[in-house]
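Chemist: Okay, so here is work.pdb, and as you'll see once you scroll down, it has PDB, N, CA and C atoms.
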ATOM      1  N   MET A 864      78.600  62.667  13.970  1.00  0.00           N
ATOM      2  CA  MET A 864      78.823  64.097  13.987  1.00  0.00           C
ATOM      3  C   MET A 864      78.184  64.715  15.225  1.00  0.00           C
ATOM      4  N   ALA A 865      77.004  64.260  15.584  1.00  0.00           N
ATOM      5  CA  ALA A 865      76.300  64.820  16.723  1.00  0.00           C
ATOM      6  C   ALA A 865      77.067  64.561  18.017  1.00  0.00           C
ATOM      7  N   SER A 866      77.794  63.464  18.101  1.00  0.00           N
ATOM      8  CA  SER A 866      78.517  63.172  19.339  1.00  0.00           C
ATOM      9  C   SER A 866      79.664  64.159  19.543  1.00  0.00           C
ATOM     10  N   ARG A 867      80.270  64.627  18.468  1.00  0.00           N
ATOM     11  CA  ARG A 867      81.338  65.626  18.600  1.00  0.00           C
ATOM     12  C   ARG A 867      80.782  66.947  19.123  1.00  0.00           C
ATOM     13  N   VAL A 868      79.605  67.303  18.642  1.00  0.00           N
ATOM     14  CA  VAL A 868      78.954  68.526  19.110  1.00  0.00           C
ATOM     15  C   VAL A 868      78.595  68.370  20.588  1.00  0.00           C
ATOM     16  N   ASP A 869      78.053  67.205  20.934  1.00  0.00           N
ATOM     17  CA  ASP A 869      77.713  66.948  22.339  1.00  0.00           C
ATOM     18  C   ASP A 869      78.965  66.975  23.209  1.00  0.00           C
ATOM     19  N   GLU A 870      80.052  66.395  22.715  1.00  0.00           N
ATOM     20  CA  GLU A 870      81.309  66.408  23.472  1.00  0.00           C
ATOM     21  C   GLU A 870      81.815  67.836  23.661  1.00  0.00           C
ATOM     22  N   ALA A 871      81.716  68.640  22.633  1.00  0.00           N
ATOM     23  CA  ALA A 871      82.164  70.029  22.722  1.00  0.00           C
ATOM     24  C   ALA A 871      81.316  70.798  23.722  1.00  0.00           C
ATOM     25  N   ARG A 872      80.024  70.612  23.673  1.00  0.00           N
ATOM     26  CA  ARG A 872      79.124  71.288  24.626  1.00  0.00           C
ATOM     27  C   ARG A 872      79.413  70.829  26.052  1.00  0.00           C
ATOM     28  N   SER A 873      79.617  69.517  26.195  1.00  0.00           N
ATOM     29  CA  SER A 873      79.905  68.959  27.507  1.00  0.00           C
ATOM     30  C   SER A 873      81.227  69.530  28.040  1.00  0.00           C
ATOM     31  N   SER A 874      82.197  69.622  27.166  1.00  0.00           N
ATOM     32  CA  SER A 874      83.499  70.165  27.552  1.00  0.00           C
ATOM     33  C   SER A 874      83.377  71.631  27.959  1.00  0.00           C
ATOM     34  N   GLU A 875      82.600  72.395  27.201  1.00  0.00           N
ATOM     35  CA  GLU A 875      82.396  73.810  27.531  1.00  0.00           C
ATOM     36  C   GLU A 875      81.660  73.964  28.853  1.00  0.00           C
ATOM     37  N   ALA A 876      80.667  73.122  29.054  1.00  0.00           N
ATOM     38  CA  ALA A 876      79.896  73.186  30.305  1.00  0.00           C
ATOM     39  C   ALA A 876      80.793  72.837  31.490  1.00  0.00           C
ATOM     40  N   ARG A 877      81.637  71.843  31.307  1.00  0.00           N
ATOM     41  CA  ARG A 877      82.567  71.450  32.374  1.00  0.00           C
ATOM     42  C   ARG A 877      83.548  72.576  32.661  1.00  0.00           C
ATOM     43  N   ALA A 878      84.067  73.218  31.631  1.00  0.00           N
ATOM     44  CA  ALA A 878      85.008  74.326  31.808  1.00  0.00           C
ATOM     45  C   ALA A 878      84.333  75.480  32.549  1.00  0.00           C
ATOM     46  N   ARG A 879      83.084  75.784  32.189  1.00  0.00           N
ATOM     47  CA  ARG A 879      82.350  76.849  32.897  1.00  0.00           C
ATOM     48  C   ARG A 879      82.131  76.486  34.357  1.00  0.00           C
ATOM     49  N   ALA A 880      81.783  75.235  34.615  1.00  0.00           N
ATOM     50  CA  ALA A 880      81.547  74.788  35.987  1.00  0.00           C
ATOM     51  C   ALA A 880      82.830  74.871  36.808  1.00  0.00           C
ATOM     52  N   GLU A 881      83.939  74.455  36.216  1.00  0.00           N
ATOM     53  CA  GLU A 881      85.220  74.523  36.919  1.00  0.00           C
ATOM     54  C   GLU A 881      85.625  75.969  37.182  1.00  0.00           C
ATOM     55  N   ALA A 882      85.411  76.836  36.215  1.00  0.00           N
ATOM     56  CA  ALA A 882      85.744  78.249  36.393  1.00  0.00           C
ATOM     57  C   ALA A 882      84.885  78.864  37.492  1.00  0.00           C
ATOM     58  N   ASN A 883      83.611  78.512  37.504  1.00  0.00           N
ATOM     59  CA  ASN A 883      82.707  79.017  38.542  1.00  0.00           C
ATOM     60  C   ASN A 883      83.134  78.518  39.918  1.00  0.00           C
ATOM     61  N   PHE A 884      83.507  77.244  39.996  1.00  0.00           N
ATOM     62  CA  PHE A 884      83.964  76.672  41.257  1.00  0.00           C
ATOM     63  C   PHE A 884      85.223  77.389  41.747  1.00  0.00           C
ATOM     64  N   LYS A 885      86.172  77.602  40.849  1.00  0.00           N
ATOM     65  CA  LYS A 885      87.411  78.292  41.224  1.00  0.00           C
ATOM     66  C   LYS A 885      87.124  79.721  41.688  1.00  0.00           C
ATOM     67  N   LYS A 886      86.191  80.376  41.023  1.00  0.00           N
ATOM     68  CA  LYS A 886      85.816  81.732  41.412  1.00  0.00           C
ATOM     69  C   LYS A 886      85.228  81.740  42.820  1.00  0.00           C
ATOM     70  N   GLN A 887      84.371  80.775  43.115  1.00  0.00           N
ATOM     71  CA  GLN A 887      83.774  80.685  44.445  1.00  0.00           C
ATOM     72  C   GLN A 887      84.840  80.398  45.499  1.00  0.00           C
ATOM     73  N   GLU A 888      85.788  79.534  45.181  1.00  0.00           N
ATOM     74  CA  GLU A 888      86.860  79.219  46.118  1.00  0.00           C
ATOM     75  C   GLU A 888      87.719  80.453  46.400  1.00  0.00           C
ATOM     76  N   ARG A 889      88.020  81.226  45.357  1.00  0.00           N
ATOM     77  CA  ARG A 889      88.794  82.463  45.559  1.00  0.00           C
ATOM     78  C   ARG A 889      88.023  83.436  46.443  1.00  0.00           C
ATOM     79  N   ALA A 890      86.721  83.526  46.250  1.00  0.00           N
ATOM     80  CA  ALA A 890      85.899  84.416  47.071  1.00  0.00           C
ATOM     81  C   ALA A 890      85.913  83.963  48.527  1.00  0.00           C
ATOM     82  N   LYS A 891      85.817  82.666  48.762  1.00  0.00           N
ATOM     83  CA  LYS A 891      85.867  82.141  50.130  1.00  0.00           C
ATOM     84  C   LYS A 891      87.226  82.432  50.760  1.00  0.00           C
ATOM     85  N   ASP A 892      88.293  82.205  50.000  1.00  0.00           N
ATOM     86  CA  ASP A 892      89.642  82.462  50.510  1.00  0.00           C
ATOM     87  C   ASP A 892      89.820  83.941  50.835  1.00  0.00           C
ATOM     88  N   GLY A 893      89.300  84.792  49.984  1.00  0.00           N
ATOM     89  CA  GLY A 893      89.400  86.231  50.213  1.00  0.00           C
ATOM     90  C   GLY A 893      88.643  86.656  51.456  1.00  0.00           C
ATOM     91  N   ALA A 894      87.462  86.098  51.651  1.00  0.00           N
ATOM     92  CA  ALA A 894      86.671  86.426  52.842  1.00  0.00           C
ATOM     93  C   ALA A 894      87.381  85.946  54.103  1.00  0.00           C
ATOM     94  N   LYS A 895      87.967  84.766  54.035  1.00  0.00           N
ATOM     95  CA  LYS A 895      88.698  84.225  55.188  1.00  0.00           C
ATOM     96  C   LYS A 895      89.911  85.098  55.499  1.00  0.00           C
ATOM     97  N   ALA A 896      90.633  85.497  54.475  1.00  0.00           N
ATOM     98  CA  ALA A 896      91.805  86.347  54.679  1.00  0.00           C
ATOM     99  C   ALA A 896      91.405  87.692  55.281  1.00  0.00           C
ATOM    100  N   MET A 897      90.297  88.251  54.835  1.00  0.00           N
ATOM    101  CA  MET A 897      89.836  89.536  55.373  1.00  0.00           C
ATOM    102  C   MET A 897      89.452  89.388  56.844  1.00  0.00           C
ATOM    103  N   MET A 898      88.789  88.302  57.194  1.00  0.00           N
ATOM    104  CA  MET A 898      88.415  88.083  58.587  1.00  0.00           C
ATOM    105  C   MET A 898      89.661  87.955  59.465  1.00  0.00           C
ATOM    106  N   GLU A 899      90.679  87.236  58.975  1.00  0.00           N
ATOM    107  CA  GLU A 899      91.923  87.084  59.729  1.00  0.00           C
ATOM    108  C   GLU A 899      92.624  88.432  59.880  1.00  0.00           C
ATOM    109  N   TYR A 900      92.645  89.217  58.827  1.00  0.00           N
ATOM    110  CA  TYR A 900      93.270  90.537  58.866  1.00  0.00           C
ATOM    111  C   TYR A 900      92.574  91.429  59.895  1.00  0.00           C
ATOM    112  N   GLN A 901      91.246  91.422  59.875  1.00  0.00           N
ATOM    113  CA  GLN A 901      90.493  92.250  60.816  1.00  0.00           C
ATOM    114  C   GLN A 901      90.699  91.786  62.250  1.00  0.00           C
ATOM    115  N   ALA A 902      90.745  90.480  62.466  1.00  0.00           N
ATOM    116  CA  ALA A 902      90.967  89.951  63.816  1.00  0.00           C
ATOM    117  C   ALA A 902      92.362  90.342  64.309  1.00  0.00           C
ATOM    118  N   ASN A 903      93.357  90.223  63.444  1.00  0.00           N
ATOM    119  CA  ASN A 903      94.721  90.599  63.832  1.00  0.00           C
ATOM    120  C   ASN A 903      94.810  92.088  64.129  1.00  0.00           C
ATOM    121  N   SER A 904      94.133  92.896  63.350  1.00  0.00           N
ATOM    122  CA  SER A 904      94.136  94.342  63.578  1.00  0.00           C
ATOM    123  C   SER A 904      93.515  94.674  64.929  1.00  0.00           C
ATOM    124  N   ARG A 905      92.433  93.997  65.254  1.00  0.00           N
ATOM    125  CA  ARG A 905      91.778  94.233  66.540  1.00  0.00           C
ATOM    126  C   ARG A 905      92.704  93.853  67.691  1.00  0.00           C
ATOM    127  N   VAL A 906      93.395  92.730  67.576  1.00  0.00           N
ATOM    128  CA  VAL A 906      94.327  92.296  68.620  1.00  0.00           C
ATOM    129  C   VAL A 906      95.435  93.320  68.798  1.00  0.00           C
ATOM    130  N   VAL A 907      95.971  93.826  67.708  1.00  0.00           N
ATOM    131  CA  VAL A 907      97.043  94.822  67.781  1.00  0.00           C
ATOM    132  C   VAL A 907      96.543  96.093  68.466  1.00  0.00           C
ATOM    133  N   ARG A 908      95.350  96.553  68.090  1.00  0.00           N
ATOM    134  CA  ARG A 908      94.795  97.760  68.725  1.00  0.00           C
ATOM    135  C   ARG A 908      94.591  97.555  70.223  1.00  0.00           C
ATOM    136  N   GLU A 909      94.095  96.382  70.604  1.00  0.00           N
ATOM    137  CA  GLU A 909      93.880  96.104  72.024  1.00  0.00           C
ATOM    138  C   GLU A 909      95.206  96.079  72.786  1.00  0.00           C
ATOM    139  N   LYS A 910      96.227  95.470  72.197  1.00  0.00           N
ATOM    140  CA  LYS A 910      97.547  95.439  72.841  1.00  0.00           C
ATOM    141  C   LYS A 910      98.113  96.845  72.989  1.00  0.00           C
ATOM    142  N   MET A 911      97.960  97.644  71.934  1.00  0.00           N
ATOM    143  CA  MET A 911      98.464  99.015  71.994  1.00  0.00           C
ATOM    144  C   MET A 911      97.761  99.813  73.080  1.00  0.00           C
ATOM    145  N   ALA A 912      96.457  99.642  73.206  1.00  0.00           N
ATOM    146  CA  ALA A 912      95.695 100.355  74.237  1.00  0.00           C
ATOM    147  C   ALA A 912      96.144  99.911  75.629  1.00  0.00           C
ATOM    148  N   ARG A 913      96.348  98.617  75.807  1.00  0.00           N
ATOM    149  CA  ARG A 913      96.788  98.099  77.107  1.00  0.00           C
ATOM    150  C   ARG A 913      98.174  98.628  77.450  1.00  0.00           C
ATOM    151  N   LEU A 914      99.088  98.603  76.484  1.00  0.00           N
ATOM    152  CA  LEU A 914     100.439  99.102  76.732  1.00  0.00           C
ATOM    153  C   LEU A 914     100.443 100.601  77.010  1.00  0.00           C
ATOM    154  N   LYS A 915      99.598 101.339  76.323  1.00  0.00           N
ATOM    155  CA  LYS A 915      99.501 102.779  76.567  1.00  0.00           C
ATOM    156  C   LYS A 915      99.014 103.044  77.985  1.00  0.00           C
ATOM    157  N   ALA A 916      98.013 102.286  78.405  1.00  0.00           N
ATOM    158  CA  ALA A 916      97.485 102.452  79.761  1.00  0.00           C
ATOM    159  C   ALA A 916      98.567 102.136  80.791  1.00  0.00           C
ATOM    160  N   LEU A 917      99.334 101.081  80.555  1.00  0.00           N
ATOM    161  CA  LEU A 917     100.424 100.731  81.473  1.00  0.00           C
ATOM    162  C   LEU A 917     101.486 101.832  81.504  1.00  0.00           C
ATOM    163  N   ARG A 918     101.834 102.359  80.332  1.00  0.00           N
ATOM    164  CA  ARG A 918     102.839 103.419  80.255  1.00  0.00           C
ATOM    165  C   ARG A 918     102.372 104.672  80.991  1.00  0.00           C
ATOM    166  N   LEU A 919     101.118 105.053  80.777  1.00  0.00           N
ATOM    167  CA  LEU A 919     100.589 106.244  81.446  1.00  0.00           C
ATOM    168  C   LEU A 919     100.537 106.047  82.962  1.00  0.00           C
ATOM    169  N   ALA A 920     100.164 104.848  83.398  1.00  0.00           N
ATOM    170  CA  ALA A 920     100.127 104.567  84.830  1.00  0.00           C
ATOM    171  C   ALA A 920     101.531 104.642  85.420  1.00  0.00           C
ATOM    172  N   LYS A 921     102.518 104.128  84.701  1.00  0.00           N
ATOM    173  CA  LYS A 921     103.903 104.174  85.175  1.00  0.00           C
ATOM    174  C   LYS A 921     104.395 105.617  85.243  1.00  0.00           C
ATOM    175  N   GLU A 922     104.091 106.400  84.207  1.00  0.00           N
ATOM    176  CA  GLU A 922     104.502 107.801  84.207  1.00  0.00           C
ATOM    177  C   GLU A 922     103.867 108.557  85.371  1.00  0.00           C
ATOM    178  N   THR A 923     102.610 108.273  85.640  1.00  0.00           N
ATOM    179  CA  THR A 923     101.922 108.920  86.760  1.00  0.00           C
ATOM    180  C   THR A 923     102.566 108.520  88.083  1.00  0.00           C
ATOM    181  N   ALA A 924     102.872 107.239  88.223  1.00  0.00           N
ATOM    182  CA  ALA A 924     103.515 106.758  89.448  1.00  0.00           C
ATOM    183  C   ALA A 924     104.900 107.376  89.602  1.00  0.00           C
ATOM    184  N   ASP A 925     105.648 107.476  88.513  1.00  0.00           N
ATOM    185  CA  ASP A 925     106.990 108.081  88.566  1.00  0.00           C
ATOM    186  C   ASP A 925     106.912 109.545  88.976  1.00  0.00           C
ATOM    187  N   LYS A 926     105.923 110.275  88.454  1.00  0.00           N
ATOM    188  CA  LYS A 926     105.753 111.674  88.835  1.00  0.00           C
ATOM    189  C   LYS A 926     105.399 111.809  90.308  1.00  0.00           C
ATOM    190  N   ALA A 927     104.560 110.900  90.788  1.00  0.00           N
ATOM    191  CA  ALA A 927     104.170 110.936  92.196  1.00  0.00           C
ATOM    192  C   ALA A 927     105.379 110.650  93.091  1.00  0.00           C
ATOM    193  N   ASP A 928     106.248 109.724  92.665  1.00  0.00           N
ATOM    194  CA  ASP A 928     107.455 109.410  93.435  1.00  0.00           C
ATOM    195  C   ASP A 928     108.409 110.593  93.443  1.00  0.00           C
ATOM    196  N   ASP A 929     108.516 111.302  92.342  1.00  0.00           N
ATOM    197  CA  ASP A 929     109.406 112.454  92.251  1.00  0.00           C
ATOM    198  C   ASP A 929     108.959 113.581  93.189  1.00  0.00           C
ATOM    199  N   LYS A 930     107.662 113.743  93.351  1.00  0.00           N
ATOM    200  CA  LYS A 930     107.122 114.818  94.190  1.00  0.00           C
ATOM    201  C   LYS A 930     107.236 114.460  95.678  1.00  0.00           C
ATOM    202  N   GLY A 931     107.145 113.171  95.981  1.00  0.00           N
ATOM    203  CA  GLY A 931     107.087 112.763  97.374  1.00  0.00           C
ATOM    204  C   GLY A 931     108.377 112.367  97.894  1.00  0.00           C
TER
END
As structure tokens, how would this structure be written, given the file I've shared?
Modeler:
Amino acid sequence: MASRVDEARSSEARARAEANFKKQERAKDGAKAMMEYQANSRVVREKMARLKALRLAKETADKADDKG
């Protein structure tokens, strides 16, 4: 009888350990996804700033050509 109780406890402990492991893995995956999202956002902002600067420089050059 005691072995069944021990087996049940062991099974419960294993289930808790597996659930905890899965929870930690989800947290790691979430942190990784957030870092990738933030990195991609930064790249997009930098590209937009560079393109804006190029556009403004072109507009300025076009205005200068129109006047001269």
Chemist: Just to confirm, what's the straight-line distance from atom C of A:Lys926 to atom C of A:Val907 in Å (one decimal)?
Modeler: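 According to the coordinates, atom C of A:Lys926 and atom C of A:Val907 are separated by 28.3 Å.
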Chemist: Please report, as JSON, the centre and edge lengths in Å to one decimal of an axis-aligned box covering all listed atoms of stretch 890-906 of chain A with 8 Å per side.
Modeler:
{"center_x": 90.6, "center_y": 88.4, "center_z": 57.5, "size_x": 25.6, "size_y": 28.5, "size_z": 38.5}
Chemist: I'd like the interatomic distance between atom N of A:Ala916 and atom CA of A:Gln901, to a tenth of an Å.
Modeler: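 Atom-to-atom, atom N of A:Ala916 and atom CA of A:Gln901 are spaced 21.6 Å apart.
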Chemist: Go ahead and compute the interatomic distance for atom C of A:Asp892 and atom N of A:Val906, in Å to one decimal.
Modeler: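 About the pair atom C of A:Asp892 and atom N of A:Val906: they are 19.2 Å apart.
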